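Let me begin by presenting the structure, written as structure tokens, before commenting on it.
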Amino acid sequence: MKKMMFGWSGAKLLLWASLLLTSTLAPLSVFAQADPASDVIPAPKEFSLSTADLVYYAYWLLALLVLLVIVYIFNIGAASEKLTGRTVINWTKVNAWLSIIFLVAGSAGVAYELVYHGKLLLPEAASAHGDSIDNMFNWTFGFTFAVFVITEVLLFWFLFKYRHKEGRKAAYYFHNNQLEVIWTVIPAIVLTFLVLRGYSTWHKITQTPEPKAKQIEVFGYQFGWKARYAGDDNKFGESNFNFIDPATNELGLAIKPTVVALRDTLMADTGRLGNDLRNLSSMLKTKADQLAKMSLAADGKAYTDLEREMEDIRNGNKASELRKMIKRKGVQIQRINATLDSKDVFNEAANDDKITTEIHLVKGQPYTFRYRARDVIHSAYMPYFRAQMNVVPGMMTSFTFTPTKTTKQMQDELKNPEFNFYLFCAKICGSAHYNMKIKIVVESEAEYNAWIEKQKRVVDPVQPATPVAPAEAKDTTANPKTATNRNIKPSLAMGF
Ligand SMILES: [Cu+2]
């Protein structure tokens, strides 16, 4: 009897309830919360329960209790059914009403989500094509939401209305062509409409020529963005991933002295690595002498590291690693040498380019962002401008749009003086992906001009070679266009 009172269903319920309870323990303040921006692991706090914790805990205990009571009531019913042979619980009816409860609770949940989290969908649009994207989104959402509501209501209502009843016979319905045609044709028409609408909107956004569009290069890497403006000549200098040097040429621009210096460094590296490769046996001997003076007890990790290095030399791993590095650098040297004499590549167009850590745009001016990536695929996402594009290594992608609201305007509209536009990475590209963003400032033309004037050129215009009177010298350097001698001198600072 006791066993029957608390049967298998009760045990299952308890199991679920305890799982639920343990999963809800996390918000308790006794668990120290780590600051995601800090590397420091917080020390465990002393055990303490706040009032909020207790209320939270009590709430779940109460829910558990109510569930237990319900289970006991049903168990008692089932037991008396067994003893008396009479039907106490009409399960068909219980299930039918449960489906109605599910429908009502589910609808309330959907309404709650729409009201409270609906605003998280997309912020207000701040670009010329933003409205057409929003329009498309609303149409798609409207259609699918209507279908969702109709089908869910019918599903649960029919479960309730056509439940089993004594004496009622189920209708046997084999096939109906008309019905088949209706539920095939209507979705086909709706989907065709939505797809064609999406296609034409996307086509309009991406394929409409924008002859007045200014170009800005946006360069993505693990983990950040750089922007490049074309400078006074309005021409981007050529670039090539083989020219990339993290310290002096992050974007791999075609600046001859910088690239020649990189090639020379690579050649020196190759020579050094070649020497290492030839002297592996003496290297092994030196390391063995070193190891003889050490002990595992006193030196620990240094000792085992040294042992491992020696093992790598003995088994040939070190030699093959060195050969690989020499080969890789050799290929890069060859590629650089192959382009060094090309007037198309090294045409000095990169000299006046400006590399910036912020993107500044003029309100109402169309822009084409041309995207390049250094390492893996990133995705440039600007939610307010309704713009998103993959940023792919070895392939230039682009997106053209016109910002229609200044940062200041948005700050006033949202009553948030801290507001800023950002370009985010929307592709999980590595450990610091979450931090990969660049600020975008939309402003007036005058403000933009003042900002861009202050940004450093990639290559400083150089002073004239012959000494001149100070006043004159100042004039020549102030305006790079009138400079008589424009030798290239790579700037190590490069604006970042
Ligand atoms: Cu990324």
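As shown in the structure tokens, the chain order sets the letters A, B, ...; within each chain, residues go from 1, and ligands are also counted from 1 in the order they appear.
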| said: Can you pull out the residues contacting A:Asp375? Cut-off 9 Å, using only C-alpha atoms, and skip same-chain residues under 4 positions away; I want them as number ranges by chain. | reply: A: 220-222, 392-393
With C-alpha atoms retained, could you export that selection as a CSV table (one decimal), in the first residue's frame?
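Dumped everything to out.csv:
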```csv
chain,number,residue,atom,x,y,z
A,220,GLY,CA,39.6,42.6,-39.7
A,221,TYR,CA,42.0,40.5,-37.7
A,222,GLN,CA,42.1,38.5,-34.5
A,392,VAL,CA,37.1,36.7,-45.8
A,393,PRO,CA,40.9,36.3,-46.0
```
| request: Kindly provide, as JSON, numbers by chain, all nucleotide and amino acid residues lying within 12 Å of ligand 1, counting only C-alpha atoms and all ligand atoms. | output: {"A": [219, 220, 221, 222, 223, 224, 225, 372, 373, 374, 375, 376, 377, 378, 379, 380, 381, 389, 390, 391, 392, 393, 423, 424, 425, 426, 427, 428, 429, 430, 431, 432, 433, 434, 435, 436, 437, 438]}
Expected file contents, prior selection, N, CA and C atoms, as a short mmCIF file (atom, residue, chain, number, x, y, z; two decimals), in the first residue's frame:
```cif
data_model
loop_
_atom_site.label_atom_id
_atom_site.label_comp_id
_atom_site.auth_asym_id
_atom_site.auth_seq_id
_atom_site.Cartn_x
_atom_site.Cartn_y
_atom_site.Cartn_z
N PHE A 219 39.60 46.51 -42.19
CA PHE A 219 40.52 45.37 -42.12
C PHE A 219 40.29 44.63 -40.81
N GLY A 220 39.90 43.35 -40.90
CA GLY A 220 39.61 42.58 -39.70
C GLY A 220 40.72 41.60 -39.38
N TYR A 221 41.01 41.45 -38.10
CA TYR A 221 42.04 40.49 -37.67
C TYR A 221 41.69 40.02 -36.27
N GLN A 222 42.32 38.93 -35.85
CA GLN A 222 42.14 38.45 -34.48
C GLN A 222 42.96 39.34 -33.55
N PHE A 223 42.45 40.28 -32.75
CA PHE A 223 41.04 40.53 -32.57
C PHE A 223 40.83 42.02 -32.59
N GLY A 224 40.47 42.54 -33.72
CA GLY A 224 40.20 43.97 -33.82
C GLY A 224 39.95 44.38 -35.26
N TRP A 225 39.75 45.67 -35.44
CA TRP A 225 39.52 46.22 -36.78
C TRP A 225 40.40 47.45 -36.97
N ARG A 372 38.70 43.49 -45.83
CA ARG A 372 39.80 42.51 -45.95
C ARG A 372 40.01 41.86 -44.60
N ALA A 373 40.46 40.59 -44.61
CA ALA A 373 40.74 39.89 -43.36
C ALA A 373 42.17 39.38 -43.39
N ARG A 374 42.79 39.33 -42.21
CA ARG A 374 44.18 38.88 -42.15
C ARG A 374 44.28 37.39 -41.87
N ASP A 375 43.38 36.85 -41.02
CA ASP A 375 43.64 35.49 -40.52
C ASP A 375 42.50 34.51 -40.79
N VAL A 376 41.34 34.77 -40.22
CA VAL A 376 40.20 33.85 -40.39
C VAL A 376 39.01 34.66 -40.86
N ILE A 377 37.89 33.99 -41.10
CA ILE A 377 36.70 34.71 -41.54
C ILE A 377 36.09 35.48 -40.37
N HIS A 378 35.84 36.75 -40.59
CA HIS A 378 35.11 37.57 -39.63
C HIS A 378 33.83 38.04 -40.32
N SER A 379 32.99 38.73 -39.57
CA SER A 379 31.79 39.26 -40.18
C SER A 379 31.55 40.65 -39.63
N ALA A 380 31.47 41.64 -40.53
CA ALA A 380 31.31 43.03 -40.10
C ALA A 380 29.82 43.33 -39.96
N TYR A 381 29.41 43.59 -38.73
CA TYR A 381 27.98 43.76 -38.44
C TYR A 381 27.73 45.14 -37.85
N MET A 389 28.30 41.88 -43.51
CA MET A 389 29.00 41.24 -44.62
C MET A 389 30.15 40.39 -44.08
N ASN A 390 30.34 39.24 -44.68
CA ASN A 390 31.48 38.40 -44.29
C ASN A 390 32.78 39.07 -44.69
N VAL A 391 33.79 38.89 -43.85
CA VAL A 391 35.11 39.45 -44.12
C VAL A 391 36.06 38.26 -44.24
N VAL A 392 36.53 38.01 -45.46
CA VAL A 392 37.15 36.73 -45.78
C VAL A 392 38.60 36.93 -46.20
N PRO A 393 39.53 36.15 -45.62
CA PRO A 393 40.94 36.28 -46.05
C PRO A 393 41.06 35.93 -47.53
N LEU A 423 30.92 48.89 -35.23
CA LEU A 423 30.96 47.76 -36.15
C LEU A 423 31.47 46.58 -35.33
N PHE A 424 30.66 45.54 -35.25
CA PHE A 424 31.01 44.36 -34.44
C PHE A 424 31.43 43.21 -35.35
N CYS A 425 32.15 42.26 -34.75
CA CYS A 425 32.38 41.00 -35.46
C CYS A 425 31.22 40.08 -35.11
N ALA A 426 30.60 39.50 -36.14
CA ALA A 426 29.44 38.64 -35.89
C ALA A 426 29.76 37.20 -36.26
N LYS A 427 31.03 36.85 -36.28
CA LYS A 427 31.40 35.46 -36.56
C LYS A 427 32.31 35.01 -35.43
N ILE A 428 31.97 33.91 -34.78
CA ILE A 428 32.80 33.43 -33.67
C ILE A 428 34.17 33.10 -34.23
N CYS A 429 35.13 34.01 -34.02
CA CYS A 429 36.41 33.88 -34.73
C CYS A 429 37.56 33.53 -33.80
N GLY A 430 37.29 33.33 -32.51
CA GLY A 430 38.36 32.98 -31.59
C GLY A 430 38.06 33.47 -30.19
N SER A 431 39.08 33.35 -29.32
CA SER A 431 38.84 33.56 -27.89
C SER A 431 38.42 34.98 -27.54
N ALA A 432 38.91 35.99 -28.26
CA ALA A 432 38.56 37.38 -27.91
C ALA A 432 37.56 37.96 -28.90
N HIS A 433 36.82 37.10 -29.58
CA HIS A 433 35.83 37.55 -30.57
C HIS A 433 34.86 38.57 -29.98
N TYR A 434 34.45 38.32 -28.73
CA TYR A 434 33.44 39.18 -28.09
C TYR A 434 33.91 40.63 -28.01
N ASN A 435 35.20 40.83 -28.04
CA ASN A 435 35.77 42.16 -27.82
C ASN A 435 36.10 42.85 -29.13
N MET A 436 35.70 42.27 -30.26
CA MET A 436 36.16 42.75 -31.56
C MET A 436 35.18 43.76 -32.13
N LYS A 437 35.46 45.04 -31.89
CA LYS A 437 34.56 46.06 -32.42
C LYS A 437 35.34 47.34 -32.68
N ILE A 438 34.78 48.19 -33.53
CA ILE A 438 35.40 49.49 -33.81
C ILE A 438 34.31 50.55 -33.80
#
```
| field | Residue nearest A:Tyr371 among A:Gln455, A:Thr357, A:Gln215, A:Thr248 (counting only C-alpha atoms) | value |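 Checking each candidate against A:Tyr371, we get A:Gln215 as the closest.
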| For A:Phe156, which residue out of A:Phe102, A:Thr208, A:His175, A:Leu196 is the nearest one, using only C-alpha atoms? |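 Between A:Phe102, A:Thr208, A:His175, A:Leu196, the residue approaching A:Phe156 most closely is A:Phe102.
Residues in contact range of stretch 110-119 of chain A, defined as at most 12 Å between only C-alpha atoms, with sequence neighbours fewer than 4 positions away removed, read Phe102, Leu103, Val104, Ala105, Gly106, Pro123, Glu124, Phe141, Phe145, Phe148, Val149 and Glu152 of chain A.
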| task | For atom CA of A:Leu251 and atom CA of A:Ile326, quote the distance in Å rounded to one decimal. | result | 23.4 Å
Shell around A:Gly198 at 12 Å using only C-alpha atoms, local window under 4 positions removed, as a CSV table (one decimal) with N, CA and C atoms, in the first residue's frame:
```csv
chain,number,residue,atom,x,y,z
A,132,SER,N,13.9,49.5,-45.8
A,132,SER,CA,13.4,48.4,-46.7
A,132,SER,C,13.8,47.1,-46.0
A,133,ILE,N,14.9,47.0,-45.3
A,133,ILE,CA,15.2,45.8,-44.6
A,133,ILE,C,14.1,45.5,-43.5
A,134,ASP,N,13.8,46.6,-42.8
A,134,ASP,CA,12.8,46.5,-41.7
A,134,ASP,C,11.4,46.0,-42.2
A,135,ASN,N,11.1,46.7,-43.4
A,135,ASN,CA,9.8,46.3,-44.0
A,135,ASN,C,9.8,44.8,-44.4
A,136,MET,N,10.9,44.3,-45.0
A,136,MET,CA,11.0,42.9,-45.3
A,136,MET,C,10.8,42.0,-44.1
A,137,PHE,N,11.5,42.4,-43.1
A,137,PHE,CA,11.5,41.7,-41.8
A,137,PHE,C,10.1,41.6,-41.3
A,138,ASN,N,9.4,42.8,-41.3
A,138,ASN,CA,8.1,42.8,-40.7
A,138,ASN,C,7.1,42.0,-41.5
A,139,TRP,N,7.2,42.0,-42.8
A,139,TRP,CA,6.3,41.2,-43.7
A,139,TRP,C,6.5,39.7,-43.3
A,140,THR,N,7.8,39.3,-43.3
A,140,THR,CA,8.1,37.9,-43.0
A,140,THR,C,7.6,37.5,-41.7
A,191,LEU,N,5.4,31.7,-49.7
A,191,LEU,CA,6.8,31.6,-49.7
A,191,LEU,C,7.5,32.3,-50.9
A,192,THR,N,6.8,32.1,-52.1
A,192,THR,CA,7.4,32.7,-53.3
A,192,THR,C,7.4,34.3,-53.1
A,193,PHE,N,6.3,34.8,-52.6
A,193,PHE,CA,6.2,36.2,-52.3
A,193,PHE,C,7.3,36.7,-51.4
A,194,LEU,N,7.5,35.9,-50.3
A,194,LEU,CA,8.5,36.3,-49.3
A,194,LEU,C,9.9,36.3,-49.9
A,202,TRP,N,17.4,42.7,-51.4
A,202,TRP,CA,18.8,42.5,-51.3
A,202,TRP,C,19.5,43.0,-52.6
A,203,HIS,N,18.8,42.8,-53.7
A,203,HIS,CA,19.4,43.2,-55.0
A,203,HIS,C,19.5,44.7,-55.0
A,204,LYS,N,18.4,45.4,-54.6
A,204,LYS,CA,18.4,46.9,-54.6
A,204,LYS,C,19.5,47.4,-53.7
A,205,ILE,N,19.7,46.7,-52.5
A,205,ILE,CA,20.7,47.2,-51.5
A,205,ILE,C,22.1,47.0,-52.0
```
| field | Residue list (alpha helix (DSSP H), DSSP) for stretch 251-317 of chain A, as JSON, numbers by chain | value | {"A": [256, 257, 258, 259, 260, 261, 262, 263, 264, 265, 266, 267, 268, 269, 270, 271, 272, 273, 274, 275, 276, 277, 278, 280, 281, 282, 283, 284, 285, 286, 287, 288, 289, 290, 291, 292, 296, 297, 298, 299, 301, 302, 303, 304, 305, 306, 307, 308, 309, 310, 311, 312, 313, 314, 317]}
Output C-alpha atoms for every residue in the selection just made, as a compact mmCIF listing (two decimals), in the first residue's frame.
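The file below, part.txt, is the result:
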```
# COMPACT_ATOMS: atom_id res chain seq x y z
CA LYS A 256 58.75 49.89 -50.83
CA PRO A 257 61.27 50.68 -48.06
CA THR A 258 59.13 48.89 -45.47
CA VAL A 259 58.69 45.84 -47.67
CA VAL A 260 62.41 45.79 -48.57
CA ALA A 261 63.24 45.97 -44.86
CA LEU A 262 60.87 43.06 -44.22
CA ARG A 263 62.50 41.05 -47.00
CA ASP A 264 65.96 41.75 -45.53
CA THR A 265 64.80 40.65 -42.08
CA LEU A 266 63.38 37.47 -43.58
CA MET A 267 66.68 36.80 -45.35
CA ALA A 268 68.64 37.33 -42.14
CA ASP A 269 66.22 35.00 -40.32
CA THR A 270 66.67 32.34 -43.00
CA GLY A 271 70.47 32.60 -42.67
CA ARG A 272 70.28 32.25 -38.90
CA LEU A 273 67.92 29.26 -39.14
CA GLY A 274 70.24 27.65 -41.75
CA ASN A 275 73.14 28.03 -39.32
CA ASP A 276 71.11 26.40 -36.57
CA LEU A 277 70.28 23.52 -38.90
CA ARG A 278 73.95 22.93 -39.72
CA LEU A 280 72.46 20.87 -34.52
CA SER A 281 75.07 18.42 -33.19
CA SER A 282 77.07 21.10 -31.39
CA MET A 283 73.77 22.57 -30.15
CA LEU A 284 72.93 19.18 -28.67
CA LYS A 285 76.31 19.05 -26.97
CA THR A 286 75.91 22.52 -25.44
CA LYS A 287 72.49 21.56 -24.13
CA ALA A 288 73.84 18.29 -22.70
CA ASP A 289 76.56 20.24 -20.84
CA GLN A 290 73.90 22.61 -19.54
CA LEU A 291 71.73 19.72 -18.39
CA ALA A 292 74.64 18.10 -16.58
CA LEU A 296 65.33 17.86 -11.74
CA ALA A 297 64.80 18.59 -8.06
CA ALA A 298 66.29 22.10 -8.16
CA ASP A 299 65.23 23.29 -11.64
CA LYS A 301 60.33 22.69 -15.46
CA ALA A 302 63.54 24.20 -16.91
CA TYR A 303 65.17 20.80 -16.57
CA THR A 304 62.36 18.87 -18.29
CA ASP A 305 62.06 21.56 -21.01
CA LEU A 306 65.74 21.20 -21.79
CA GLU A 307 65.38 17.42 -21.88
CA ARG A 308 62.52 17.75 -24.35
CA GLU A 309 64.50 20.11 -26.59
CA MET A 310 67.37 17.61 -26.67
CA GLU A 311 64.98 14.81 -27.54
CA ASP A 312 63.58 16.91 -30.43
CA ILE A 313 67.11 17.34 -31.79
CA ARG A 314 67.89 13.62 -31.48
CA ASN A 317 61.83 16.95 -35.07
```
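When only C-alpha atoms are used to compute distances to A:Glu443, the closest of the residues A:Leu49, A:Val458, A:Met410, A:Ala125 turns out to be A:Met410.
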| Close residues, A:Gly237 itself excluded, 9 Å, only C-alpha atoms, min 4 positions apart in chain, as JSON, numbers by chain | {"A": [230, 253, 254, 255, 345, 346, 347, 348, 349, 350, 351, 352, 353]}
| request: Quick one: pick out all strand (DSSP E) residues within stretch 330-457 of chain A from a backbone DSSP run and write them as number ranges by chain. | output: A: 354-356, 359-362, 367-373, 378-382, 387-391, 397-401, 421-425, 437-443
Print the selection's residues with C-alpha atoms to a file, as a PDB file, in the first residue's frame.
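part-v9.pdb, written as the output of this step:
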```pdb
ATOM      1  CA  LYS A 354      45.555  56.894 -43.375  1.00  0.00           C
ATOM      2  CA  ILE A 355      45.081  53.965 -41.013  1.00  0.00           C
ATOM      3  CA  THR A 356      42.692  54.744 -38.172  1.00  0.00           C
ATOM      4  CA  ILE A 359      35.628  55.074 -38.519  1.00  0.00           C
ATOM      5  CA  HIS A 360      34.286  58.575 -39.164  1.00  0.00           C
ATOM      6  CA  LEU A 361      31.474  59.114 -41.662  1.00  0.00           C
ATOM      7  CA  VAL A 362      29.633  62.157 -42.969  1.00  0.00           C
ATOM      8  CA  TYR A 367      30.066  54.859 -48.422  1.00  0.00           C
ATOM      9  CA  THR A 368      31.417  51.590 -49.719  1.00  0.00           C
ATOM     10  CA  PHE A 369      33.194  49.571 -47.055  1.00  0.00           C
ATOM     11  CA  ARG A 370      35.707  47.246 -48.711  1.00  0.00           C
ATOM     12  CA  TYR A 371      36.546  44.438 -46.350  1.00  0.00           C
ATOM     13  CA  ARG A 372      39.795  42.509 -45.955  1.00  0.00           C
ATOM     14  CA  ALA A 373      40.743  39.895 -43.357  1.00  0.00           C
ATOM     15  CA  HIS A 378      35.110  37.575 -39.627  1.00  0.00           C
ATOM     16  CA  SER A 379      31.786  39.262 -40.181  1.00  0.00           C
ATOM     17  CA  ALA A 380      31.306  43.026 -40.097  1.00  0.00           C
ATOM     18  CA  TYR A 381      27.980  43.759 -38.443  1.00  0.00           C
ATOM     19  CA  MET A 382      26.528  47.254 -38.028  1.00  0.00           C
ATOM     20  CA  ALA A 387      24.570  46.155 -42.783  1.00  0.00           C
ATOM     21  CA  GLN A 388      26.375  42.856 -42.417  1.00  0.00           C
ATOM     22  CA  MET A 389      29.004  41.241 -44.620  1.00  0.00           C
ATOM     23  CA  ASN A 390      31.478  38.402 -44.290  1.00  0.00           C
ATOM     24  CA  VAL A 391      35.113  39.455 -44.115  1.00  0.00           C
ATOM     25  CA  THR A 397      33.951  41.884 -50.065  1.00  0.00           C
ATOM     26  CA  SER A 398      32.055  45.150 -49.840  1.00  0.00           C
ATOM     27  CA  PHE A 399      28.893  46.799 -48.591  1.00  0.00           C
ATOM     28  CA  THR A 400      27.512  50.172 -49.664  1.00  0.00           C
ATOM     29  CA  PHE A 401      25.228  52.232 -47.453  1.00  0.00           C
ATOM     30  CA  PHE A 421      27.625  53.302 -33.356  1.00  0.00           C
ATOM     31  CA  TYR A 422      29.886  50.268 -33.568  1.00  0.00           C
ATOM     32  CA  LEU A 423      30.965  47.765 -36.151  1.00  0.00           C
ATOM     33  CA  PHE A 424      31.013  44.364 -34.442  1.00  0.00           C
ATOM     34  CA  CYS A 425      32.384  41.005 -35.457  1.00  0.00           C
ATOM     35  CA  LYS A 437      34.564  46.061 -32.418  1.00  0.00           C
ATOM     36  CA  ILE A 438      35.401  49.491 -33.809  1.00  0.00           C
ATOM     37  CA  LYS A 439      33.632  52.754 -33.050  1.00  0.00           C
ATOM     38  CA  ILE A 440      31.839  54.574 -35.850  1.00  0.00           C
ATOM     39  CA  VAL A 441      31.243  58.310 -35.575  1.00  0.00           C
ATOM     40  CA  VAL A 442      28.685  59.882 -37.927  1.00  0.00           C
ATOM     41  CA  GLU A 443      29.085  63.655 -38.051  1.00  0.00           C
TER      42      GLU A 443
END
```
| query | What gap, in Å, lies between atom CA of A:Trp157 and atom CA of A:Ser99? | reply |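 Straight-line distance from atom CA of A:Trp157 to atom CA of A:Ser99 works out to 7.8 Å.
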| query | So what do you get for atom CA of A:Leu68 versus atom CA of A:Asp53, distance-wise? | reply |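 Here the two named atoms are 22.7 Å from each other.
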| field | Test item: residues at most 12 Å from A:Asn90, only C-alpha atoms, excluding those fewer than 4 positions along its chain, as a list in words | value |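 Once the adjacent positions are removed, what remains is Phe74, Gly77, Ala78, Glu81, Arg86, Val94, Asn95, Ala96, Trp97, Arg163, His164, Lys165 and Glu166 of chain A.
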